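The structure appears below as C-alpha cells.
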Amino acid sequence: MNKQYPVYTLKNECNDCYKCIRECHIKAIRIQGGSASVINDKCIACGHCVTICPAGAKRVRNDIDEVKTLLLANKKVYVSLAPSWAGVYNISKEKMIAVLKKLGFAGVSETALGAQEVSIETAKMLNKADSGLFISSACPVIDDYIRLYKPEFAENITPVASPALTHCALLKDMLGNDIKVVFIGPCVAKKNEADKHPELMAAALTFDELNYWIKEEFIDAEKIETNGECHFVPEAAYEGALYPIEGGMNETIKQVGIDKNDVTFIEVSSIDAFDKALTNIDPKKVENKIFVEALACMGGCINGPCLSSDKSRILITSDIYANTQYRNPVPKEPRTVVPEEYRPDPIKTVEYPIEQVVKALKKISKHSEEDELNCSGCGYASCREFVNALIAGDAEPSQCVSYMRKIAVRKAAAMLRCMPSAVVIVDANLEIVEANDSFEHMFLSEEMYEIFASRQDGLAGASIDRIVPYSELFKSALETGKDIHQEHYAVENKLYDISIFTIEDNELVGAVISDVTKSELDRSKIAQKAREVITKNITTVQEIASLLGEHMVETELLLNSIAEGFDPNSNEDKK
C-alpha cells in the first residue's frame, strides 16, 4: 500500500510566503500554482518546515487510525516510548504507562533500551578500528541526508540500525516475534523508518498525535489510577535515556568504555551545522579515530518538530538527567544487533546550458549581472539557484519579488498613462509623487510643461499648490483621512469633477480629475434646443387641438341633422 509521505501541504492554507523554501536546507519544496508542496524524493522528513510555517499549511501525516486498527486486530501491541517523554510530560512513569494502556496497548517499553544496545555495539566498532571517521546512525534524518546529499560519507555511517529499530527487534526477541511495536516520540522521520521497516516498527506516532488521541478519549492523566502492572517492560532503561540530549550518545559510549582512549568524540546538531562540519574533509584520509554524534535537530531530539511542549529546553534537559539511572558496569556485549547498510542514493543535479540559464534569467527581467540582486526573497540563495529551480519546474517566476514589482510598476504606469482623466498622487508635504500625462496637459502651461519636461523626475517633488488652485482639498483629505468628491468644481472658466481618495492615512492621497467644462456646455446647448423644440411642439399641439375642436363641432351638427332627417316619427316619413 502506498502511504502518504509523512510531511505534506494543505494547499488551501498556503499563503505564498516562501518561508519553507528559505528555511529548507536541501530545497525539497516545489512551487506550483502559487502553492508550496514537498518533493518527496528529495525530502529527509526533518519536519523543520512544519514548525516554521506561519500559516500552519505544512502538516505531519496522522497515523492514529492505523494504530487503532492494529489494536483491534492484535492484542499484543507494545509502545516504544522515546526517552524525551520524561522531559515533556509532567507525570510519573506509572501514570504515563497507565495512560498508554488505557488507549489499548499491551505494554510500554523505553526506546532507550535500544539506544543502550547501539552504544555497546558502536563502542565495539570503535575499539576494533585503527582509524577513520565514524558517523552515528541514531538519527534517520542525518542518515538520509548523507545518503542523498553527502553520498561520499555513506560508508562512514556506523552499520547498525537506529535505537528505535534496534529496540523493536529487542522487544520481538524477548516478547515474541508476533507482537507489534509502535514508536511514540517527537520525530517525524520515524514515520519513514516505520514505512521502510514494517517488519520491525509497525507504525510511528508523534507526541502531538498522542496528545490528540488522549484528548479524544477524554483521559485525564492526573486522575488516572495506577497499579502494580504499571512498569516498563521488559525492564527500565538506564544511560540510554540520555540519547535525546546533544552529546548524550557520546556519554553512553564512554560509559561502555573505549579500550585505548584514542577516540575523538564530537557532537553536531542541525543539518546546517553538520553540513559545515563535513566541509573540506576527505573521509578516506582521516588518520585518527573520530566519532561524530550527528543529530538533525538543534540541541538534539528535545527540539524535535513534534515535541508538543512549550516547556523550557533547559528544564526538559534537567528532567531527563534527573530521571536517568546509570549502570556500573555497562555490559560489553549487546543483546540485540540489527545490521543496517546505508547505501548512497545521490540526488541528481542537472547542469543546464548557459544559453538556457540566460534565457530563463531574461524571463524575470535579469538582463545583466547588476540585475541579479540575490536578495533571497524567492527562497533561494541566489538568482542563479532560483533560475535552476525555475528550469526544473520547481519554481515559478512570481516568486521573484523584484520581477513582480517591476511588472506591477509597469502595469500601474501603463494604466495611468492611458487614462483620459488626470491622475495625481500627493504626499503629506503636498508634493507630487506621481502624475500622468493627462494631468500635465490639463494643468500645465506651455512654459511650465517645458520646465518640468526637462527634469529627470518630471513633476515628482513639485508642490501641488503651484500646479492647481485647489490644494486645500488635498490638505483636507490628508488631515481627515476622508475621501472628497467635488462635482462641477469651478476654476476660472473651467469646471472639474474631482475625486480625492486616501492611499495611506495622513501620508498619501490620490486624485482623479475630469474636465467637464465642454460636456456641461454641450449639455446646456442641448437643454436650450430641447426647450425650443418643446415650445414649438406645445404651440403646434395647441393649434391642432383648436382645429380638432372646431371640426368636431361642425361634424356633430352635421350628423345630428342627418339623424333627424331619418327619424321615423317625422311628418315627411309618414307621408
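If you're wondering about the labels, chains in the C-alpha cells are A, B, ... by order shown, residues count from 1 in each chain, ligands from 1 in order shown.
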
* Can you list, as a PyMOL selection string, every protein, DNA or RNA residue that comes within 8 Å of Glu152 of chain A when you count only C-alpha atoms, leaving out same-chain residues fewer than 2 positions away? -> chain A and resi 146+150+154-155+283+344

Resulting file, chosen residues, all heavy atoms, as a PDB file, in the first residue's frame:
```pdb
ATOM      1  N   ILE A 146      22.835  12.154   4.440  1.00  0.00           N
ATOM      2  CA  ILE A 146      24.117  11.676   3.922  1.00  0.00           C
ATOM      3  C   ILE A 146      23.911  10.859   2.647  1.00  0.00           C
ATOM      4  O   ILE A 146      24.615  11.060   1.644  1.00  0.00           O
ATOM      5  CB  ILE A 146      24.847  10.836   4.988  1.00  0.00           C
ATOM      6  CG1 ILE A 146      25.266  11.725   6.162  1.00  0.00           C
ATOM      7  CG2 ILE A 146      26.074  10.146   4.387  1.00  0.00           C
ATOM      8  CD1 ILE A 146      25.858  10.961   7.322  1.00  0.00           C
ATOM      9  N   LYS A 150      25.214  13.798   0.709  1.00  0.00           N
ATOM     10  CA  LYS A 150      26.632  13.631   1.002  1.00  0.00           C
ATOM     11  C   LYS A 150      27.001  12.159   0.824  1.00  0.00           C
ATOM     12  O   LYS A 150      27.515  11.505   1.744  1.00  0.00           O
ATOM     13  CB  LYS A 150      26.946  14.075   2.441  1.00  0.00           C
ATOM     14  CG  LYS A 150      26.702  15.541   2.732  1.00  0.00           C
ATOM     15  CD  LYS A 150      27.734  16.427   2.055  1.00  0.00           C
ATOM     16  CE  LYS A 150      27.514  17.887   2.402  1.00  0.00           C
ATOM     17  NZ  LYS A 150      28.525  18.758   1.750  1.00  0.00           N
ATOM     18  N   ALA A 154      28.583   8.004   3.037  1.00  0.00           N
ATOM     19  CA  ALA A 154      27.621   6.952   3.387  1.00  0.00           C
ATOM     20  C   ALA A 154      28.298   5.769   4.073  1.00  0.00           C
ATOM     21  O   ALA A 154      27.765   5.196   5.032  1.00  0.00           O
ATOM     22  CB  ALA A 154      26.880   6.487   2.136  1.00  0.00           C
ATOM     23  N   GLU A 155      29.494   5.393   3.611  1.00  0.00           N
ATOM     24  CA  GLU A 155      30.177   4.244   4.212  1.00  0.00           C
ATOM     25  C   GLU A 155      30.761   4.567   5.586  1.00  0.00           C
ATOM     26  O   GLU A 155      31.223   3.669   6.288  1.00  0.00           O
ATOM     27  CB  GLU A 155      31.288   3.763   3.281  1.00  0.00           C
ATOM     28  CG  GLU A 155      32.393   4.758   3.041  1.00  0.00           C
ATOM     29  CD  GLU A 155      33.465   4.224   2.100  1.00  0.00           C
ATOM     30  OE1 GLU A 155      33.172   3.281   1.338  1.00  0.00           O
ATOM     31  OE2 GLU A 155      34.589   4.750   2.145  1.00  0.00           O
ATOM     32  N   PRO A 283      36.979  11.718   3.752  1.00  0.00           N
ATOM     33  CA  PRO A 283      36.812  10.650   4.759  1.00  0.00           C
ATOM     34  C   PRO A 283      37.835   9.527   4.634  1.00  0.00           C
ATOM     35  O   PRO A 283      38.110   8.817   5.609  1.00  0.00           O
ATOM     36  CB  PRO A 283      35.392  10.143   4.498  1.00  0.00           C
ATOM     37  CG  PRO A 283      35.092  10.539   3.085  1.00  0.00           C
ATOM     38  CD  PRO A 283      35.818  11.813   2.856  1.00  0.00           C
ATOM     39  N   PRO A 344      24.481   4.786  -0.609  1.00  0.00           N
ATOM     40  CA  PRO A 344      24.337   6.128  -1.190  1.00  0.00           C
ATOM     41  C   PRO A 344      23.286   6.143  -2.297  1.00  0.00           C
ATOM     42  O   PRO A 344      23.202   5.213  -3.091  1.00  0.00           O
ATOM     43  CB  PRO A 344      25.734   6.420  -1.751  1.00  0.00           C
ATOM     44  CG  PRO A 344      26.383   5.085  -1.921  1.00  0.00           C
ATOM     45  CD  PRO A 344      25.811   4.206  -0.852  1.00  0.00           C
TER      46      PRO A 344
END
```

Would you write out, as CSV, a table of all residues in segment 60-124 of chain A that have an atom no more than 8 Å from an atom of segment 188-211 of chain A, listing for each the closest atom pair and the distance in Å to one decimal, considering only C-alpha atoms and ordering rows by chain and rising residue number?
```
residue,atom,partner,partner_atom,distance
A:Val60,CA,A:Val188,CA,7.2
A:Asn62,CA,A:Glu209,CA,6.9
A:Asp63,CA,A:Leu205,CA,6.4
A:Ile64,CA,A:Glu209,CA,6.9
A:Glu66,CA,A:Ala203,CA,7.6
A:Val67,CA,A:Ala203,CA,6.8
```

* Close residues, segment 303-312 of chain A itself excluded, 12 Å, only C-alpha atoms, min 6 positions apart in chain, as an MDAnalysis selection string -> chainID A and resid 7 45:53 58:62 82:90 139 141 184:190 205:212 244:246 269:270 295:297 318:319

Selected residues, C-alpha atoms, written as an mmCIF file, in the first residue's frame, please.
```
data_model
loop_
_atom_site.group_PDB
_atom_site.id
_atom_site.type_symbol
_atom_site.label_atom_id
_atom_site.label_comp_id
_atom_site.auth_asym_id
_atom_site.auth_seq_id
_atom_site.Cartn_x
_atom_site.Cartn_y
_atom_site.Cartn_z
ATOM 1 C CA VAL A 7 5.122 15.646 5.516
ATOM 2 C CA ALA A 45 11.493 14.425 6.808
ATOM 3 C CA CYS A 46 13.279 16.676 9.294
ATOM 4 C CA GLY A 47 9.943 18.418 9.911
ATOM 5 C CA HIS A 48 11.510 21.881 10.093
ATOM 6 C CA CYS A 49 9.062 23.267 7.528
ATOM 7 C CA VAL A 50 6.208 22.112 9.765
ATOM 8 C CA THR A 51 7.491 24.088 12.735
ATOM 9 C CA ILE A 52 8.209 27.327 10.848
ATOM 10 C CA CYS A 53 5.196 27.508 8.503
ATOM 11 C CA LYS A 58 2.682 22.113 6.448
ATOM 12 C CA ARG A 59 1.336 19.058 8.230
ATOM 13 C CA VAL A 60 2.527 15.695 9.518
ATOM 14 C CA ARG A 61 0.722 12.544 8.443
ATOM 15 C CA ASN A 62 -1.659 11.291 11.122
ATOM 16 C CA ALA A 82 11.131 7.845 23.191
ATOM 17 C CA PRO A 83 13.249 8.903 26.199
ATOM 18 C CA SER A 84 12.374 12.592 25.691
ATOM 19 C CA TRP A 85 8.944 11.836 27.199
ATOM 20 C CA ALA A 86 10.430 12.278 30.685
ATOM 21 C CA GLY A 87 11.137 15.948 29.999
ATOM 22 C CA VAL A 88 7.884 16.650 28.132
ATOM 23 C CA TYR A 89 5.197 15.106 30.345
ATOM 24 C CA ASN A 90 4.921 16.250 33.941
ATOM 25 C CA CYS A 139 19.187 9.981 13.590
ATOM 26 C CA VAL A 141 17.232 12.419 9.136
ATOM 27 C CA ILE A 184 5.936 7.323 20.042
ATOM 28 C CA GLY A 185 8.195 10.378 20.176
ATOM 29 C CA PRO A 186 8.963 13.870 18.849
ATOM 30 C CA CYS A 187 10.360 12.758 15.461
ATOM 31 C CA VAL A 188 8.676 12.926 12.044
ATOM 32 C CA ALA A 189 11.359 10.843 10.318
ATOM 33 C CA LYS A 190 10.455 7.831 12.460
ATOM 34 C CA LEU A 205 3.217 8.388 16.281
ATOM 35 C CA THR A 206 4.383 11.811 17.383
ATOM 36 C CA PHE A 207 3.772 13.351 20.784
ATOM 37 C CA ASP A 208 1.335 15.698 19.003
ATOM 38 C CA GLU A 209 -0.698 12.716 17.851
ATOM 39 C CA LEU A 210 -0.539 11.102 21.287
ATOM 40 C CA ASN A 211 -1.859 14.250 22.955
ATOM 41 C CA TYR A 212 -4.691 14.481 20.426
ATOM 42 C CA PRO A 244 17.689 12.879 23.135
ATOM 43 C CA ILE A 245 20.193 15.393 24.566
ATOM 44 C CA GLU A 246 23.054 16.675 22.428
ATOM 45 C CA SER A 269 23.313 19.170 15.809
ATOM 46 C CA SER A 270 21.288 20.714 12.946
ATOM 47 C CA LEU A 295 21.540 14.976 15.135
ATOM 48 C CA ALA A 296 19.281 16.905 12.753
ATOM 49 C CA CYS A 297 17.531 18.997 15.409
ATOM 50 C CA SER A 318 17.232 18.783 33.600
ATOM 51 C CA ASP A 319 14.252 16.435 33.973
#
```

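The protein and nucleic acid residues lying at most 9 Å from Asp143 of chain A are Ile44, Ser136, Ser137, Ala154, Ile157 and Tyr342 of chain A, with only C-alpha atoms considered and sequence neighbours fewer than 6 positions away removed.
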
Write out the residues from the selection above, keeping N, CA and C atoms, as a PDB file, in the first residue's frame.
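So part_37.pdb came out as:
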```
ATOM      1  N   ILE A  44      13.932  14.800   3.505  1.00  0.00           N
ATOM      2  CA  ILE A  44      14.514  13.905   4.512  1.00  0.00           C
ATOM      3  C   ILE A  44      13.668  13.886   5.787  1.00  0.00           C
ATOM      4  N   SER A 136      27.377   8.596  13.605  1.00  0.00           N
ATOM      5  CA  SER A 136      26.310   7.835  14.255  1.00  0.00           C
ATOM      6  C   SER A 136      25.132   7.622  13.310  1.00  0.00           C
ATOM      7  N   SER A 137      24.460   6.498  13.489  1.00  0.00           N
ATOM      8  CA  SER A 137      23.286   6.168  12.679  1.00  0.00           C
ATOM      9  C   SER A 137      21.993   6.402  13.455  1.00  0.00           C
ATOM     10  N   ALA A 154      28.583   8.004   3.037  1.00  0.00           N
ATOM     11  CA  ALA A 154      27.621   6.952   3.387  1.00  0.00           C
ATOM     12  C   ALA A 154      28.298   5.769   4.073  1.00  0.00           C
ATOM     13  N   ILE A 157      28.848   5.938   7.970  1.00  0.00           N
ATOM     14  CA  ILE A 157      27.775   5.756   8.950  1.00  0.00           C
ATOM     15  C   ILE A 157      27.959   4.395   9.609  1.00  0.00           C
ATOM     16  N   TYR A 342      23.798   1.521   4.832  1.00  0.00           N
ATOM     17  CA  TYR A 342      23.313   2.820   4.350  1.00  0.00           C
ATOM     18  C   TYR A 342      23.923   3.096   2.978  1.00  0.00           C
TER      19      TYR A 342
END
```

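Put simply, atom CA of Ile271 of chain A is 11.5 Å away from atom CA of Gly299 of chain A.
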
* To do: Report as a count of residues only: the residues of segment 96-337 of chain A with a DSSP assignment of strand (DSSP E or B), based on the backbone of this structure.
  => 34

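With only C-alpha atoms taken into account, the protein and nucleic acid residues at most 10 Å from Phe274 of chain A (excluding it and anything under 6 positions from it in its own chain) are A:Ile142, A:Tyr145, A:Ile146, A:Glu267, A:Val268, A:Val292, A:Glu293, A:Ala294, A:Leu295, A:Ala296.
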
* To do: Show which residues sit within 8 Å of segment 116-132 of chain A, as number ranges by chain. Count only C-alpha atoms, and ignore same-chain residues fewer than 6 positions away.
  => A: 158, 160-163, 166, 238-240, 249, 252-254, 256-260, 263, 283-290, 331-337

* Structure fact -> Between A:Gln399, A:Asn250, A:Asn156, A:Thr264, smallest distance to Lys19 of chain A by only C-alpha atoms belongs to A:Gln399

* To do: Extract, using only C-alpha atoms, all DNA, RNA and protein residues at most 12 Å from Glu235 of chain A, discarding same-chain residues fewer than 4 positions from it, and format them as a list in words.
  =>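 Contacts, in chain order: Gly107, Val108, Ser109, Glu110, Thr111, Ala112, Leu113, Gly114, Leu170, Leu171, Met174, Leu175, Cys230 and His231 of chain A.
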
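If you look at atom CA of Lys95 of chain A and atom CA of Ile320 of chain A, they are 16.8 Å away from each other.
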
* Tell me which of A:Ile31, A:Pro420, A:Ile214, A:Asn40 sits closest to Gly104 of chain A, counting only C-alpha atoms. =>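 Closest to Gly104 of chain A, using only C-alpha atoms: A:Ile214.
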
* as a PyMOL selection string, which residues of segment 144-322 of chain A does DSSP assign to helix (DSSP H, G or I)? -> chain A and resi 144-149+151-156+163-175+190-196+207-216+239-242+248-256+271-277+283-285+301-303+313-322

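Picture a line from atom CA of Phe232 of chain A to atom CA of Ile179 of chain A; it runs 16.0 Å.
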